[in-house]
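**Q** Input structure: upload-v7.cif, which contains mmCIF, C-alpha atoms.
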```cif
data_entry
loop_
_atom_site.label_atom_id
_atom_site.label_comp_id
_atom_site.auth_asym_id
_atom_site.auth_seq_id
_atom_site.Cartn_x
_atom_site.Cartn_y
_atom_site.Cartn_z
CA MET A 9 -62.98 77.45 12.04
CA SER A 10 -59.98 76.27 14.01
CA TYR A 11 -59.23 72.62 14.65
CA SER A 12 -57.26 70.85 17.35
CA VAL A 13 -55.99 67.33 17.58
CA ILE A 14 -56.00 65.56 20.93
CA TRP A 15 -54.28 62.26 21.61
CA GLU A 16 -53.40 59.84 24.35
CA ASP A 17 -49.62 59.75 24.75
CA SER A 18 -48.07 56.40 25.72
CA ARG A 19 -44.88 58.03 27.06
CA ALA A 20 -46.57 59.43 30.16
CA GLU A 21 -46.57 57.69 33.54
CA PHE A 22 -50.33 58.25 33.77
CA LYS A 23 -52.72 58.48 30.86
CA SER A 24 -51.96 61.85 29.33
CA ILE A 25 -53.96 63.76 26.76
CA ARG A 26 -51.84 66.07 24.61
CA MET A 27 -53.06 68.75 22.22
CA LEU A 28 -52.02 70.68 19.13
CA HIS A 29 -54.13 73.70 18.22
CA HIS A 30 -55.23 76.09 15.50
CA PHE A 31 -55.25 74.15 12.28
CA GLU A 32 -57.36 75.29 9.36
CA SER A 33 -58.68 71.84 8.52
CA PRO A 34 -59.06 68.47 10.21
CA GLU A 35 -56.68 67.01 7.62
CA ASP A 36 -53.96 69.53 8.53
CA ALA A 37 -54.36 68.69 12.22
CA GLN A 38 -54.11 64.94 11.63
CA ALA A 39 -51.15 65.36 9.27
CA GLU A 40 -49.23 67.34 11.91
CA LEU A 41 -49.95 64.69 14.52
CA ASP A 42 -48.78 61.95 12.17
CA ARG A 43 -45.60 63.92 11.37
CA THR A 44 -44.57 64.80 14.93
CA ASN A 45 -45.72 61.94 17.17
CA VAL A 46 -45.09 58.71 15.34
CA GLY A 47 -45.02 55.79 17.76
CA TYR A 48 -46.38 57.58 20.84
CA VAL A 49 -50.04 57.92 19.99
CA VAL A 50 -52.42 55.44 21.61
CA SER A 51 -55.54 57.05 20.16
CA SER A 52 -56.34 60.42 18.62
CA GLU A 53 -59.13 62.56 17.30
CA VAL A 54 -59.49 65.90 15.58
CA VAL A 55 -62.02 68.29 17.11
CA ASP A 56 -63.18 71.84 16.63
CA PHE A 57 -61.17 74.04 19.02
CA LEU A 58 -64.41 75.52 20.39
CA ASP A 59 -65.60 72.05 21.42
CA LEU A 60 -62.74 71.64 23.90
CA PRO A 61 -63.58 72.26 27.57
CA ALA A 62 -62.18 75.55 28.86
CA ASP A 63 -61.16 73.94 32.17
CA ARG A 64 -58.16 71.65 31.70
CA THR A 65 -58.15 70.07 35.19
CA PHE A 66 -59.48 66.75 33.92
CA ARG A 67 -57.91 66.90 30.47
CA ASN A 68 -56.49 63.39 30.91
CA VAL A 69 -59.99 61.90 30.93
CA TRP A 70 -61.49 63.80 28.02
CA GLY A 71 -63.62 61.75 25.67
CA HIS A 72 -66.76 61.79 23.62
CA ASP A 73 -70.19 61.02 24.99
CA THR A 74 -71.88 59.89 21.82
CA THR A 75 -75.37 59.92 23.34
CA ASP A 76 -75.62 63.55 24.53
CA SER A 77 -73.36 65.60 22.30
CA PRO A 78 -71.27 63.56 19.88
CA ASP A 79 -69.37 66.61 18.64
CA LYS A 80 -68.35 67.93 22.06
CA VAL A 81 -65.47 66.69 24.15
CA SER A 82 -66.86 65.61 27.51
CA ILE A 83 -65.57 64.42 30.86
CA ASP A 84 -66.87 61.23 32.43
CA LEU A 85 -67.24 61.63 36.22
CA ILE A 86 -66.23 58.02 36.94
CA LYS A 87 -63.04 58.38 34.89
CA ALA A 88 -62.39 61.77 36.48
CA LYS A 89 -62.63 60.18 39.94
CA ALA A 90 -60.16 57.47 38.93
CA TYR A 91 -57.79 60.18 37.68
CA ALA A 92 -58.28 62.14 40.93
CA HIS A 93 -57.27 59.02 42.87
CA GLU A 94 -54.08 58.76 40.77
CA VAL A 95 -53.27 62.38 41.60
CA ARG A 96 -54.09 61.77 45.28
CA ARG A 97 -51.78 58.76 45.46
CA ALA A 98 -48.94 60.65 43.78
CA ARG A 99 -49.32 63.55 46.22
CA ARG A 100 -49.43 61.14 49.17
CA ALA A 101 -46.22 59.46 48.02
CA GLU A 102 -44.57 62.86 47.67
CA ALA A 103 -45.71 63.82 51.20
CA PHE A 104 -44.16 60.62 52.62
CA VAL A 105 -40.70 61.31 51.18
CA PRO A 106 -39.36 63.61 53.92
CA HIS A 107 -40.54 61.18 56.59
CA ASP A 108 -39.07 58.10 54.89
CA ALA A 109 -35.51 59.25 55.54
CA ALA A 110 -36.31 60.14 59.16
CA TYR A 111 -37.98 56.76 59.62
CA ILE A 112 -34.68 54.86 59.40
CA ILE A 113 -33.00 56.96 62.12
CA PRO A 114 -33.83 55.26 65.44
CA SER A 115 -34.25 58.50 67.38
CA SER A 116 -36.66 59.86 64.74
CA THR A 117 -38.76 56.76 64.13
CA VAL A 118 -41.60 57.64 66.51
CA ALA A 119 -41.96 61.20 65.19
CA ALA A 120 -41.71 60.02 61.58
CA GLU A 121 -44.40 57.41 62.13
CA ALA A 122 -46.66 60.00 63.77
CA SER A 123 -46.23 62.27 60.75
CA ARG A 124 -46.90 59.37 58.39
CA ALA A 125 -50.05 58.49 60.36
CA GLU A 126 -51.32 62.07 59.91
CA ILE A 127 -50.67 61.81 56.18
CA ARG A 128 -52.57 58.52 56.02
CA LYS A 129 -55.47 60.07 57.97
CA ALA A 130 -55.64 63.06 55.60
CA ASP A 131 -55.37 60.70 52.63
CA ALA A 132 -58.29 58.60 53.87
CA ALA A 133 -60.42 61.74 54.16
CA ASN A 134 -59.41 62.82 50.65
CA GLN A 135 -60.23 59.38 49.28
CA ILE A 136 -63.72 59.56 50.77
CA SER A 137 -64.20 63.10 49.44
CA ILE A 138 -63.23 61.99 45.94
CA ASP A 139 -65.56 59.00 46.06
CA ASN A 140 -68.44 61.15 47.35
CA SER A 141 -68.03 63.94 44.80
CA ALA A 142 -71.33 64.44 43.01
CA ASP A 143 -70.01 66.44 40.06
CA LEU A 144 -66.85 67.71 38.40
CA ALA A 145 -66.89 71.05 40.26
CA GLN A 146 -66.92 69.28 43.62
CA LEU A 147 -64.21 66.88 42.49
CA LYS A 148 -62.04 69.78 41.31
CA THR A 149 -62.45 71.43 44.71
CA VAL A 150 -61.29 68.26 46.44
CA LEU A 151 -58.20 68.09 44.20
CA THR A 152 -57.44 71.79 44.68
CA ASP A 153 -57.80 71.61 48.46
CA THR A 154 -55.77 68.42 48.92
CA VAL A 155 -52.94 69.20 51.33
CA TYR A 156 -50.80 66.74 53.27
#
```
Written as structure tokens, that's how I'd like the structure from this file.

**A**
Amino acid sequence: MSYSVIWEDSRAEFKSIRMLHHFESPEDAQAELDRTNVGYVVSSEVVDFLDLPADRTFRNVWGHDTTDSPDKVSIDLIKAKAYAHEVRRARRAEAFVPHDAAYIIPSSTVAAEASRAEIRKADAANQISIDNSADLAQLKTVLTDTVY
């Protein structure tokens, strides 16, 4: 059996789940975490490597659903949507950057505002798509297809 340790890292701008893999025992995994990440760990747990989801898109919202499968790492759709909104907002801010500089030049203000309006329109559609996602596959598609 191979064990991994996953932990929430307080150094990240957004909640960030980090991983260390392939330890022979849960004790070895926890000892390595304690040795290398002192002071940055918000919470941690040791899991069987095979219990980790293969898709890492929503890694930052991994957790345990103690009712269905207490040994498996699961992804809560509500938390995944909140994470998707964080990603959406970061991408929107990045899309605004080229237009922010143009916005302060009087001759470019109208064009910059038109571009910013298009970004806001696309962002509103993405926000609705995220909120209306019925499952993780649909939510992943929305995140993958998000373009500004």

**Q** May I have the residues within 12 Å of stretch 42-54 of chain A as an MDAnalysis selection string, using all atoms listed in the file and disregarding those fewer than 6 positions away in the same chain?

**A** chainID A and resid 10:20 23:36 60 70:72 79:81

**Q** Produce a file of the selected residues containing C-alpha atoms, as a compact mmCIF listing (two decimals), in the coordinates of the input.

**A**
```
# COMPACT_ATOMS: atom_id res chain seq x y z
CA SER A 10 -59.98 76.27 14.01
CA TYR A 11 -59.23 72.62 14.65
CA SER A 12 -57.26 70.85 17.35
CA VAL A 13 -55.99 67.33 17.58
CA ILE A 14 -56.00 65.56 20.93
CA TRP A 15 -54.28 62.26 21.61
CA GLU A 16 -53.40 59.84 24.35
CA ASP A 17 -49.62 59.75 24.75
CA SER A 18 -48.07 56.40 25.72
CA ARG A 19 -44.88 58.03 27.06
CA ALA A 20 -46.57 59.43 30.16
CA LYS A 23 -52.72 58.48 30.86
CA SER A 24 -51.96 61.85 29.33
CA ILE A 25 -53.96 63.76 26.76
CA ARG A 26 -51.84 66.07 24.61
CA MET A 27 -53.06 68.75 22.22
CA LEU A 28 -52.02 70.68 19.13
CA HIS A 29 -54.13 73.70 18.22
CA HIS A 30 -55.23 76.09 15.50
CA PHE A 31 -55.25 74.15 12.28
CA GLU A 32 -57.36 75.29 9.36
CA SER A 33 -58.68 71.84 8.52
CA PRO A 34 -59.06 68.47 10.21
CA GLU A 35 -56.68 67.01 7.62
CA ASP A 36 -53.96 69.53 8.53
CA LEU A 60 -62.74 71.64 23.90
CA TRP A 70 -61.49 63.80 28.02
CA GLY A 71 -63.62 61.75 25.67
CA HIS A 72 -66.76 61.79 23.62
CA ASP A 79 -69.37 66.61 18.64
CA LYS A 80 -68.35 67.93 22.06
CA VAL A 81 -65.47 66.69 24.15
```

**Q** Find the spatial neighbours of A:Ala145, counting all atoms listed in the file, within a cut-off of 12 Å - ignore same-chain residues fewer than 3 positions away - and output them as a PyMOL selection string.

**A** chain A and resi 63+65-66+83+85+88-89+138+141-142+148-152

**Q** Please, what distance in Å, to one decimal, runs between atom CA of A:Lys87 and atom CA of A:Arg67?

**A** 10.9 Å

**Q** Work out how far atom CA of A:Asp143 is from atom CA of A:Ala130, in Å to one decimal.

**A**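 Distance between the two atoms: 21.4 Å.
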
**Q** Identify all residues satisfying the PyMOL selection byres ((chain A and resi 99) around 12) in the given file; provide them as a ChimeraX atom specification.

**A** /A:92-98,100-105,127-128,130-131,134,151-156

**Q** Any chance you can output those residues with C-alpha atoms as an mmCIF file, in the frame of the given file?

**A**
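Once everything was written out, this is part-v2.cif:
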```
data_model
loop_
_atom_site.group_PDB
_atom_site.id
_atom_site.type_symbol
_atom_site.label_atom_id
_atom_site.label_comp_id
_atom_site.auth_asym_id
_atom_site.auth_seq_id
_atom_site.Cartn_x
_atom_site.Cartn_y
_atom_site.Cartn_z
ATOM 1 C CA ALA A 92 -58.280 62.140 40.930
ATOM 2 C CA HIS A 93 -57.270 59.020 42.870
ATOM 3 C CA GLU A 94 -54.080 58.760 40.770
ATOM 4 C CA VAL A 95 -53.270 62.380 41.600
ATOM 5 C CA ARG A 96 -54.090 61.770 45.280
ATOM 6 C CA ARG A 97 -51.780 58.760 45.460
ATOM 7 C CA ALA A 98 -48.940 60.650 43.780
ATOM 8 C CA ARG A 100 -49.430 61.140 49.170
ATOM 9 C CA ALA A 101 -46.220 59.460 48.020
ATOM 10 C CA GLU A 102 -44.570 62.860 47.670
ATOM 11 C CA ALA A 103 -45.710 63.820 51.200
ATOM 12 C CA PHE A 104 -44.160 60.620 52.620
ATOM 13 C CA VAL A 105 -40.700 61.310 51.180
ATOM 14 C CA ILE A 127 -50.670 61.810 56.180
ATOM 15 C CA ARG A 128 -52.570 58.520 56.020
ATOM 16 C CA ALA A 130 -55.640 63.060 55.600
ATOM 17 C CA ASP A 131 -55.370 60.700 52.630
ATOM 18 C CA ASN A 134 -59.410 62.820 50.650
ATOM 19 C CA LEU A 151 -58.200 68.090 44.200
ATOM 20 C CA THR A 152 -57.440 71.790 44.680
ATOM 21 C CA ASP A 153 -57.800 71.610 48.460
ATOM 22 C CA THR A 154 -55.770 68.420 48.920
ATOM 23 C CA VAL A 155 -52.940 69.200 51.330
ATOM 24 C CA TYR A 156 -50.800 66.740 53.270
#
```

**Q** What is the distance between atom CA of A:Pro106 and atom CA of A:Ala90, in Å to one decimal?

**A**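 Atom CA of A:Pro106 sits 26.4 Å away from atom CA of A:Ala90.
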
**Q** Rank A:Ala133, A:Ala37, A:Val118, A:Ile113 by their smallest atom-to-atom distance to A:Val55, using only C-alpha atoms, and report the top residue only.

**A**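 Ranked by minimum distance to A:Val55, first place goes to A:Ala37.
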
**Q** Looking at A:Asp56, A:Ala62, A:Ile86, A:Ala39, which one is nearest to A:Asp139, with distances taken over all atoms listed in the file?

**A**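 Result for the nearest residue to A:Asp139: A:Ile86.
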